[in-house]
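Containing mmCIF, C-alpha atoms and all ligand atoms: my_file07.cif.
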data_query
#
loop_
_atom_site.label_atom_id
_atom_site.label_comp_id
_atom_site.auth_asym_id
_atom_site.auth_seq_id
_atom_site.Cartn_x
_atom_site.Cartn_y
_atom_site.Cartn_z
CA THR A 1 -7.83 10.97 11.67
CA HIS A 2 -9.10 9.03 8.66
CA LEU A 3 -8.06 5.58 9.86
CA PRO A 4 -9.09 2.87 9.32
CA PHE A 5 -9.40 3.82 5.66
CA TYR A 6 -10.94 1.43 3.14
CA ALA A 7 -9.96 1.53 -0.55
CA GLU A 8 -10.35 -0.74 -3.54
CA GLY A 9 -9.71 -0.80 -7.26
CA THR A 10 -7.92 -2.39 -10.17
CA VAL A 11 -4.15 -2.94 -10.04
CA VAL A 12 -2.61 -0.84 -12.80
CA SER A 13 0.92 -0.32 -14.08
CA GLY A 14 3.00 2.17 -12.17
CA PHE A 15 5.78 4.19 -13.63
CA GLY A 16 8.49 1.57 -13.67
CA ARG A 17 10.46 3.18 -10.93
CA GLY A 18 12.05 -0.20 -10.45
CA SER A 19 10.34 -1.20 -7.23
CA LYS A 20 10.41 -4.82 -8.32
CA GLU A 21 14.11 -4.62 -9.12
CA LEU A 22 14.66 -3.49 -5.53
CA GLY A 23 12.75 -6.55 -4.36
CA ILE A 24 9.88 -4.37 -3.18
CA PRO A 25 7.13 -4.41 -5.82
CA THR A 26 4.27 -1.97 -5.22
CA ALA A 27 0.81 -2.48 -6.68
CA ASN A 28 -0.55 0.83 -7.96
CA PHE A 29 -4.16 2.02 -7.86
CA PRO A 30 -5.61 4.02 -10.75
CA GLU A 31 -6.11 7.75 -10.41
CA ASP A 32 -9.86 7.56 -9.65
CA VAL A 33 -9.15 5.51 -6.52
CA VAL A 34 -6.46 7.92 -5.36
CA LYS A 35 -8.85 10.83 -5.90
CA LYS A 36 -11.20 9.36 -3.32
CA LEU A 37 -8.63 9.94 -0.58
CA PRO A 38 -9.78 12.67 1.80
CA GLU A 39 -8.17 15.95 0.77
CA ASN A 40 -6.09 16.20 3.93
CA PHE A 41 -4.97 12.56 3.96
CA LYS A 42 -1.29 12.86 4.85
CA CYS A 43 1.42 11.75 2.43
CA GLY A 44 3.71 9.16 3.91
CA VAL A 45 4.07 5.50 4.73
CA TYR A 46 1.22 3.46 6.23
CA TYR A 47 0.53 -0.13 7.26
CA GLY A 48 -2.57 -2.21 6.85
CA LEU A 49 -4.12 -5.28 5.27
CA ALA A 50 -4.66 -6.23 1.65
CA LYS A 51 -6.45 -8.78 -0.48
CA ILE A 52 -6.31 -9.40 -4.22
CA SER A 53 -9.15 -11.06 -6.15
CA SER A 54 -7.02 -13.97 -7.38
CA ASN A 55 -5.94 -15.11 -3.90
CA GLU A 56 -8.18 -16.05 -0.98
CA ASN A 57 -5.85 -14.81 1.77
CA VAL A 58 -5.67 -11.46 3.55
CA PHE A 59 -2.06 -10.27 3.77
CA LYS A 60 -0.22 -7.57 5.65
CA MET A 61 0.88 -4.58 3.60
CA THR A 62 2.87 -1.36 3.68
CA MET A 63 1.54 1.50 1.56
CA SER A 64 2.98 4.82 0.52
CA VAL A 65 0.94 7.85 -0.43
CA GLY A 66 2.92 10.48 -2.26
CA TRP A 67 3.04 13.00 -5.05
CA ASN A 68 3.94 11.69 -8.46
CA PRO A 69 6.88 13.51 -10.05
CA TYR A 70 5.76 12.18 -13.45
CA TYR A 71 2.75 14.51 -13.28
CA HIS A 72 4.77 17.40 -11.84
CA ASN A 73 3.56 16.49 -8.37
CA THR A 74 -0.05 17.33 -9.13
CA VAL A 75 -1.27 13.72 -8.88
CA LYS A 76 -1.03 11.54 -5.81
CA THR A 77 -0.16 7.86 -5.96
CA MET A 78 -1.05 5.00 -3.62
CA GLU A 79 1.43 2.13 -3.81
CA THR A 80 0.86 -1.05 -1.87
CA HIS A 81 3.58 -3.56 -1.11
CA ILE A 82 1.94 -6.82 -0.02
CA MET A 83 3.99 -8.88 2.41
CA HIS A 84 3.82 -12.11 0.50
CA GLU A 85 5.84 -13.74 -2.28
CA PHE A 86 3.44 -14.22 -5.17
CA GLU A 87 4.21 -16.67 -7.96
CA SER A 88 3.19 -14.19 -10.61
CA ASP A 89 2.15 -10.58 -11.15
CA PHE A 90 -1.48 -9.63 -10.65
CA TYR A 91 -2.04 -6.59 -12.88
CA GLY A 92 -5.77 -6.25 -13.55
CA ASP A 93 -6.76 -7.91 -10.27
CA HIS A 94 -9.15 -6.15 -7.91
CA LEU A 95 -7.19 -5.00 -4.85
CA LYS A 96 -8.84 -4.20 -1.53
CA ILE A 97 -6.95 -2.56 1.32
CA ILE A 98 -7.68 -1.38 4.83
CA VAL A 99 -5.21 1.26 6.00
CA LEU A 100 -4.78 0.93 9.77
CA GLY A 101 -1.81 2.99 10.89
CA TYR A 102 0.75 5.63 10.00
CA ILE A 103 4.51 5.11 10.13
CA ARG A 104 6.33 8.17 8.79
CA ASP A 105 6.45 11.14 6.44
CA MET A 106 7.87 10.86 2.96
CA LEU A 107 11.60 11.52 3.07
CA ASN A 108 14.29 12.27 0.55
CA PHE A 109 17.08 9.74 0.77
CA LYS A 110 20.71 10.41 0.01
CA SER A 111 21.22 7.07 -1.65
CA LEU A 112 19.37 4.09 -2.97
CA GLU A 113 20.91 2.07 -0.17
CA ASP A 114 19.38 4.38 2.46
CA LEU A 115 16.01 4.19 0.70
CA ILE A 116 16.01 0.39 0.65
CA LYS A 117 17.02 0.27 4.33
CA ALA A 118 14.17 2.62 5.24
CA ILE A 119 11.62 0.58 3.30
CA GLN A 120 12.82 -2.62 4.93
CA ALA A 121 12.46 -0.95 8.33
CA ASP A 122 8.92 0.18 7.35
CA ILE A 123 8.00 -3.38 6.39
CA SER A 124 9.39 -4.74 9.63
CA GLU A 125 7.56 -2.13 11.71
CA SER A 126 4.34 -2.79 9.79
CA ASN A 127 4.71 -6.49 10.42
CA THR A 128 4.96 -5.94 14.18
CA LYS A 129 2.19 -3.34 14.42
CA LEU A 130 -0.22 -5.53 12.46
CA ASP A 131 0.03 -8.25 15.11
CA GLU A 132 -1.46 -5.94 17.75
CA SER A 133 -4.55 -7.58 19.22
CA GLU A 134 -6.90 -4.69 18.50
CA LEU A 135 -6.11 -4.94 14.78
CA LEU A 136 -6.68 -8.68 14.40
CA LYS A 137 -10.41 -8.24 13.79
CA TYR A 138 -9.74 -6.48 10.48
CA ARG A 139 -8.38 -9.71 9.00
CA GLU A 140 -11.97 -11.00 9.05
CA ASP A 141 -13.55 -7.74 7.88
CA PRO A 142 -16.54 -8.49 5.60
CA PHE A 143 -15.10 -5.87 3.20
CA PHE A 144 -12.51 -8.45 2.13
CA PHE A 145 -15.03 -11.21 1.54
CA THR A 146 -17.67 -9.50 -0.57
CA SER A 147 -17.34 -9.10 -4.33
CA PRO A 148 -15.93 -7.52 -6.37
P1 LIG A 201 4.80 -0.89 -11.38
O1 LIG A 201 5.66 0.31 -11.66
O2 LIG A 201 4.03 -1.36 -12.59
O3 LIG A 201 3.90 -0.68 -10.18
P2 LIG A 201 6.44 -2.58 -9.68
O4 LIG A 201 7.89 -2.89 -9.91
O5 LIG A 201 6.10 -1.68 -8.54
O6 LIG A 201 5.85 -2.06 -11.05
O7 LIG A 201 5.69 -3.99 -9.51
C1 LIG A 201 4.34 -3.99 -9.13
C2 LIG A 201 3.59 -5.22 -9.62
O8 LIG A 201 4.23 -6.41 -9.12
C3 LIG A 201 2.19 -5.28 -9.04
O9 LIG A 201 1.27 -4.56 -9.88
C4 LIG A 201 1.88 -6.76 -9.00
O10 LIG A 201 1.28 -7.19 -10.21
C5 LIG A 201 3.26 -7.41 -8.86
N1 LIG A 201 3.56 -7.93 -7.51
C6 LIG A 201 4.11 -9.16 -7.28
N2 LIG A 201 4.29 -9.38 -5.97
C7 LIG A 201 3.84 -8.26 -5.33
C8 LIG A 201 3.76 -7.89 -3.93
N3 LIG A 201 4.19 -8.73 -2.97
N4 LIG A 201 3.24 -6.68 -3.62
C9 LIG A 201 2.82 -5.84 -4.60
N5 LIG A 201 2.87 -6.13 -5.92
C10 LIG A 201 3.38 -7.33 -6.30
MG MG A 202 4.61 0.01 -8.31
#

Please express the file's structure as structure tokens.
Ligand code: ADP
Ligand code: MG
Amino acid sequence: THLPFYAEGTVVSGFGRGSKELGIPTANFPEDVVKKLPENFKCGVYYGLAKISSNENVFKMTMSVGWNPYYHNTVKTMETHIMHEFESDFYGDHLKIIVLGYIRDMLNFKSLEDLIKAIQADISESNTKLDESELLKYREDPFFFTSP
């Protein structure tokens, strides 16, 4: 597999699919970062760690990799939900992530309610998995503490 997978780039605007309105904002990477994913990197939901340039802490995250319907499913997106309540948005920040594990395939949900439940379950599973002792070392990975 490709894990752990390291990625970094500027936080850009997504497509206003209302993630924030659902209480689950997702920081989007620009296309050039997504293009660096290995060709056979599976779409789906992952867990890992994240750090933004305006905050000194490393946080847990849940990330989805999927095809963007806006571009007729020709362009992939990487959307990272950081498990922390930030006081303000951080568009333009430099985001670094280490992807550590895979949770599930992308699914089509019957209702918004089902989708939200699934995402909450993903976040909860990510939270548990990221406490595993063999993953703790990544919280101190030099990748997070070198500029940019
Ligand atoms: P967009 O469609 O622009 O990605 P979202 O509704 O997904 O909009 O919100 C994402 C933005 O919310 C991020 O770019 C970031 O600036 C901000 N944000 C605030 N808290 C978080 C968080 N915990 N995780 C991810 N992004 C967050
Ligand atoms: Mg988003």

Can you write out as JSON lines which residues of chain A fall within 9 Å of ligand LIG 201 (chain A), alongside each residue's closest atom pair and its distance in Å to one decimal, counting all atoms listed in the file and ordering rows by chain and ascending residue number?
{"residue": "A:Val11", "atom": "CA", "partner": "A:LIG201", "partner_atom": "O9", "distance": 5.7}
{"residue": "A:Val12", "atom": "CA", "partner": "A:LIG201", "partner_atom": "O9", "distance": 6.1}
{"residue": "A:Ser13", "atom": "CA", "partner": "A:LIG201", "partner_atom": "O2", "distance": 3.6}
{"residue": "A:Gly14", "atom": "CA", "partner": "A:LIG201", "partner_atom": "O1", "distance": 3.3}
{"residue": "A:Phe15", "atom": "CA", "partner": "A:LIG201", "partner_atom": "O1", "distance": 4.4}
{"residue": "A:Gly16", "atom": "CA", "partner": "A:LIG201", "partner_atom": "O1", "distance": 3.7}
{"residue": "A:Arg17", "atom": "CA", "partner": "A:LIG201", "partner_atom": "O1", "distance": 5.6}
{"residue": "A:Gly18", "atom": "CA", "partner": "A:LIG201", "partner_atom": "O4", "distance": 5.0}
{"residue": "A:Ser19", "atom": "CA", "partner": "A:LIG201", "partner_atom": "O4", "distance": 4.0}
{"residue": "A:Lys20", "atom": "CA", "partner": "A:LIG201", "partner_atom": "O4", "distance": 3.6}
{"residue": "A:Glu21", "atom": "CA", "partner": "A:LIG201", "partner_atom": "O4", "distance": 6.5}
{"residue": "A:Leu22", "atom": "CA", "partner": "A:LIG201", "partner_atom": "O4", "distance": 8.1}
{"residue": "A:Gly23", "atom": "CA", "partner": "A:LIG201", "partner_atom": "O4", "distance": 8.2}
{"residue": "A:Ile24", "atom": "CA", "partner": "A:LIG201", "partner_atom": "N4", "distance": 7.0}
{"residue": "A:Pro25", "atom": "CA", "partner": "A:LIG201", "partner_atom": "O7", "distance": 4.0}
{"residue": "A:Thr26", "atom": "CA", "partner": "A:LIG201", "partner_atom": "O5", "distance": 3.8}
{"residue": "A:Ala27", "atom": "CA", "partner": "A:LIG201", "partner_atom": "O9", "distance": 3.8}
{"residue": "A:Asn28", "atom": "CA", "partner": "A:LIG201", "partner_atom": "O3", "distance": 5.2}
{"residue": "A:Phe29", "atom": "CA", "partner": "A:LIG201", "partner_atom": "O9", "distance": 8.8}
{"residue": "A:Met61", "atom": "CA", "partner": "A:LIG201", "partner_atom": "N4", "distance": 7.9}
{"residue": "A:Glu79", "atom": "CA", "partner": "A:LIG201", "partner_atom": "O3", "distance": 7.4}
{"residue": "A:Thr80", "atom": "CA", "partner": "A:LIG201", "partner_atom": "C9", "distance": 5.9}
{"residue": "A:His81", "atom": "CA", "partner": "A:LIG201", "partner_atom": "N4", "distance": 4.0}
{"residue": "A:Ile82", "atom": "CA", "partner": "A:LIG201", "partner_atom": "N4", "distance": 3.8}
{"residue": "A:Met83", "atom": "CA", "partner": "A:LIG201", "partner_atom": "N3", "distance": 5.4}
{"residue": "A:His84", "atom": "CA", "partner": "A:LIG201", "partner_atom": "N3", "distance": 4.9}
{"residue": "A:Glu85", "atom": "CA", "partner": "A:LIG201", "partner_atom": "N3", "distance": 5.3}
{"residue": "A:Phe86", "atom": "CA", "partner": "A:LIG201", "partner_atom": "N2", "distance": 5.0}
{"residue": "A:Glu87", "atom": "CA", "partner": "A:LIG201", "partner_atom": "C6", "distance": 7.5}
{"residue": "A:Ser88", "atom": "CA", "partner": "A:LIG201", "partner_atom": "C6", "distance": 6.1}
{"residue": "A:Asp89", "atom": "CA", "partner": "A:LIG201", "partner_atom": "O10", "distance": 3.6}
{"residue": "A:Phe90", "atom": "CA", "partner": "A:LIG201", "partner_atom": "O10", "distance": 3.7}
{"residue": "A:Tyr91", "atom": "CA", "partner": "A:LIG201", "partner_atom": "O10", "distance": 4.3}
{"residue": "A:Gly92", "atom": "CA", "partner": "A:LIG201", "partner_atom": "O10", "distance": 7.9}
{"residue": "A:Asp93", "atom": "CA", "partner": "A:LIG201", "partner_atom": "O10", "distance": 8.1}

Exercise. Between CA of Pro38 (chain A) and CA of Thr74 (chain A), what is the distance, to one decimal in Å?
Worked result: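 Answer for the CA of Pro38 (chain A) to CA of Thr74 (chain A) separation: 15.4 Å.
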
Exercise. What gap, in Å, lies between CA of Glu125 (chain A) and CA of Asn68 (chain A)?
Worked result: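 According to the coordinates, CA of Glu125 (chain A) and CA of Asn68 (chain A) are separated by 24.7 Å.
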
For this session: Just give me the gap between CA of Ser53 (chain A) and CA of Lys76 (chain A) in Å, one decimal is fine.
Result: 24.0 Å

For this session: Would you mind listing what lies within 6 Å of Ile97 (chain A) as a PyMOL selection string, with all atoms listed in the file counted and same-chain residues fewer than 2 positions away left out?
Result: chain A and resi 6-7+49-50

Restricted to C-alpha atoms, what would the selected residues look like written as a CSV table (one decimal), in the frame of the given file?
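Printed below is again28.csv as written:
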chain,number,residue,atom,x,y,z
A,6,TYR,CA,-10.9,1.4,3.1
A,7,ALA,CA,-10.0,1.5,-0.6
A,49,LEU,CA,-4.1,-5.3,5.3
A,50,ALA,CA,-4.7,-6.2,1.6

For this session: Give as a list in words each residue that has an atom at most 12 Å from (-5.9, -6.8, 14.5) in the file, counting all atoms listed in the file.
Result: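 Those residues lying close to the given coordinates are Pro4, Tyr47, Gly48, Leu49, Val58, Phe59, Lys60, Ile98, Val99, Leu100, Gly101, Ser126, Asn127, Thr128, Lys129, Leu130, Asp131, Glu132, Ser133, Glu134, Leu135, Leu136, Lys137, Tyr138, Arg139, Glu140 and Asp141 of chain A.
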
Store the residues of this selection in a file with C-alpha atoms, as a PDB file, in the coordinates of the input.
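File selection.pdb, as written:
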ATOM      1  CA  PRO A   4      -9.090   2.870   9.320  1.00  0.00           C
ATOM      2  CA  TYR A  47       0.530  -0.130   7.260  1.00  0.00           C
ATOM      3  CA  GLY A  48      -2.570  -2.210   6.850  1.00  0.00           C
ATOM      4  CA  LEU A  49      -4.120  -5.280   5.270  1.00  0.00           C
ATOM      5  CA  VAL A  58      -5.670 -11.460   3.550  1.00  0.00           C
ATOM      6  CA  PHE A  59      -2.060 -10.270   3.770  1.00  0.00           C
ATOM      7  CA  LYS A  60      -0.220  -7.570   5.650  1.00  0.00           C
ATOM      8  CA  ILE A  98      -7.680  -1.380   4.830  1.00  0.00           C
ATOM      9  CA  VAL A  99      -5.210   1.260   6.000  1.00  0.00           C
ATOM     10  CA  LEU A 100      -4.780   0.930   9.770  1.00  0.00           C
ATOM     11  CA  GLY A 101      -1.810   2.990  10.890  1.00  0.00           C
ATOM     12  CA  SER A 126       4.340  -2.790   9.790  1.00  0.00           C
ATOM     13  CA  ASN A 127       4.710  -6.490  10.420  1.00  0.00           C
ATOM     14  CA  THR A 128       4.960  -5.940  14.180  1.00  0.00           C
ATOM     15  CA  LYS A 129       2.190  -3.340  14.420  1.00  0.00           C
ATOM     16  CA  LEU A 130      -0.220  -5.530  12.460  1.00  0.00           C
ATOM     17  CA  ASP A 131       0.030  -8.250  15.110  1.00  0.00           C
ATOM     18  CA  GLU A 132      -1.460  -5.940  17.750  1.00  0.00           C
ATOM     19  CA  SER A 133      -4.550  -7.580  19.220  1.00  0.00           C
ATOM     20  CA  GLU A 134      -6.900  -4.690  18.500  1.00  0.00           C
ATOM     21  CA  LEU A 135      -6.110  -4.940  14.780  1.00  0.00           C
ATOM     22  CA  LEU A 136      -6.680  -8.680  14.400  1.00  0.00           C
ATOM     23  CA  LYS A 137     -10.410  -8.240  13.790  1.00  0.00           C
ATOM     24  CA  TYR A 138      -9.740  -6.480  10.480  1.00  0.00           C
ATOM     25  CA  ARG A 139      -8.380  -9.710   9.000  1.00  0.00           C
ATOM     26  CA  GLU A 140     -11.970 -11.000   9.050  1.00  0.00           C
ATOM     27  CA  ASP A 141     -13.550  -7.740   7.880  1.00  0.00           C
TER      28      ASP A 141
END

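For the residues A:Glu56, A:Glu8, A:Asp122, A:Glu113, ranking by smallest atom-to-atom distance to Lys35 (chain A) using all atoms listed in the file places A:Glu8 first.
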
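For the set A:Cys43, A:Met63, A:Ala121, A:Ile103, the residue with the smallest atom-to-atom gap to ligand MG 202 (chain A) is A:Met63, counting all atoms listed in the file.
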
Seminar exercise, completed: Counting only C-alpha atoms, closest pick from A:Thr77, A:Val65, A:Phe143, A:His94 relative to Val45 (chain A) is A:Val65

Box dimensions and centre (Å, one decimal) enclosing region 120-132 of chain A, axis-aligned, 8 Å extra per side, as lines of an AutoDock Vina configuration file:
center_x = 5.7
center_y = -4.0
center_z = 11.3
size_x = 30.3
size_y = 24.4
size_z = 28.8

Residue contacts of Val75 (chain A) (12 Å, all atoms listed in the file) excluding same-chain residues fewer than 5 positions away, as a compact mmCIF listing (two decimals) with C-alpha atoms, in the coordinates of the input:
# COMPACT_ATOMS: atom_id res chain seq x y z
CA PRO A 30 -5.61 4.02 -10.75
CA GLU A 31 -6.11 7.75 -10.41
CA ASP A 32 -9.86 7.56 -9.65
CA VAL A 33 -9.15 5.51 -6.52
CA VAL A 34 -6.46 7.92 -5.36
CA LYS A 35 -8.85 10.83 -5.90
CA LEU A 37 -8.63 9.94 -0.58
CA CYS A 43 1.42 11.75 2.43
CA VAL A 65 0.94 7.85 -0.43
CA GLY A 66 2.92 10.48 -2.26
CA TRP A 67 3.04 13.00 -5.05
CA ASN A 68 3.94 11.69 -8.46
CA PRO A 69 6.88 13.51 -10.05
CA TYR A 70 5.76 12.18 -13.45

For this session: Considering all atoms listed in the file, state which residue in the set A:Met78, A:Gly44, A:Ser54, A:Leu107 is at the smallest distance from ligand MG 202 (chain A).
Result: A:Met78

Within 10 Å of Phe41 (chain A), counting all atoms listed in the file, which residues qualify if same-chain residues fewer than 6 places away don't, as a PDB file with C-alpha atoms, keeping the file's coordinate frame?
ATOM      1  CA  THR A   1      -7.830  10.970  11.670  1.00  0.00           C
ATOM      2  CA  HIS A   2      -9.100   9.030   8.660  1.00  0.00           C
ATOM      3  CA  LEU A   3      -8.060   5.580   9.860  1.00  0.00           C
ATOM      4  CA  PHE A   5      -9.400   3.820   5.660  1.00  0.00           C
ATOM      5  CA  VAL A  65       0.940   7.850  -0.430  1.00  0.00           C
TER       6      VAL A  65
END

Exercise. With all atoms listed in the file as the atoms that count, which of A:Ile123, A:Asn40, A:Ser64, A:Tyr102 lies nearest to ligand MG 202 (chain A)?
Worked result: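 Closest candidate: A:Ser64.
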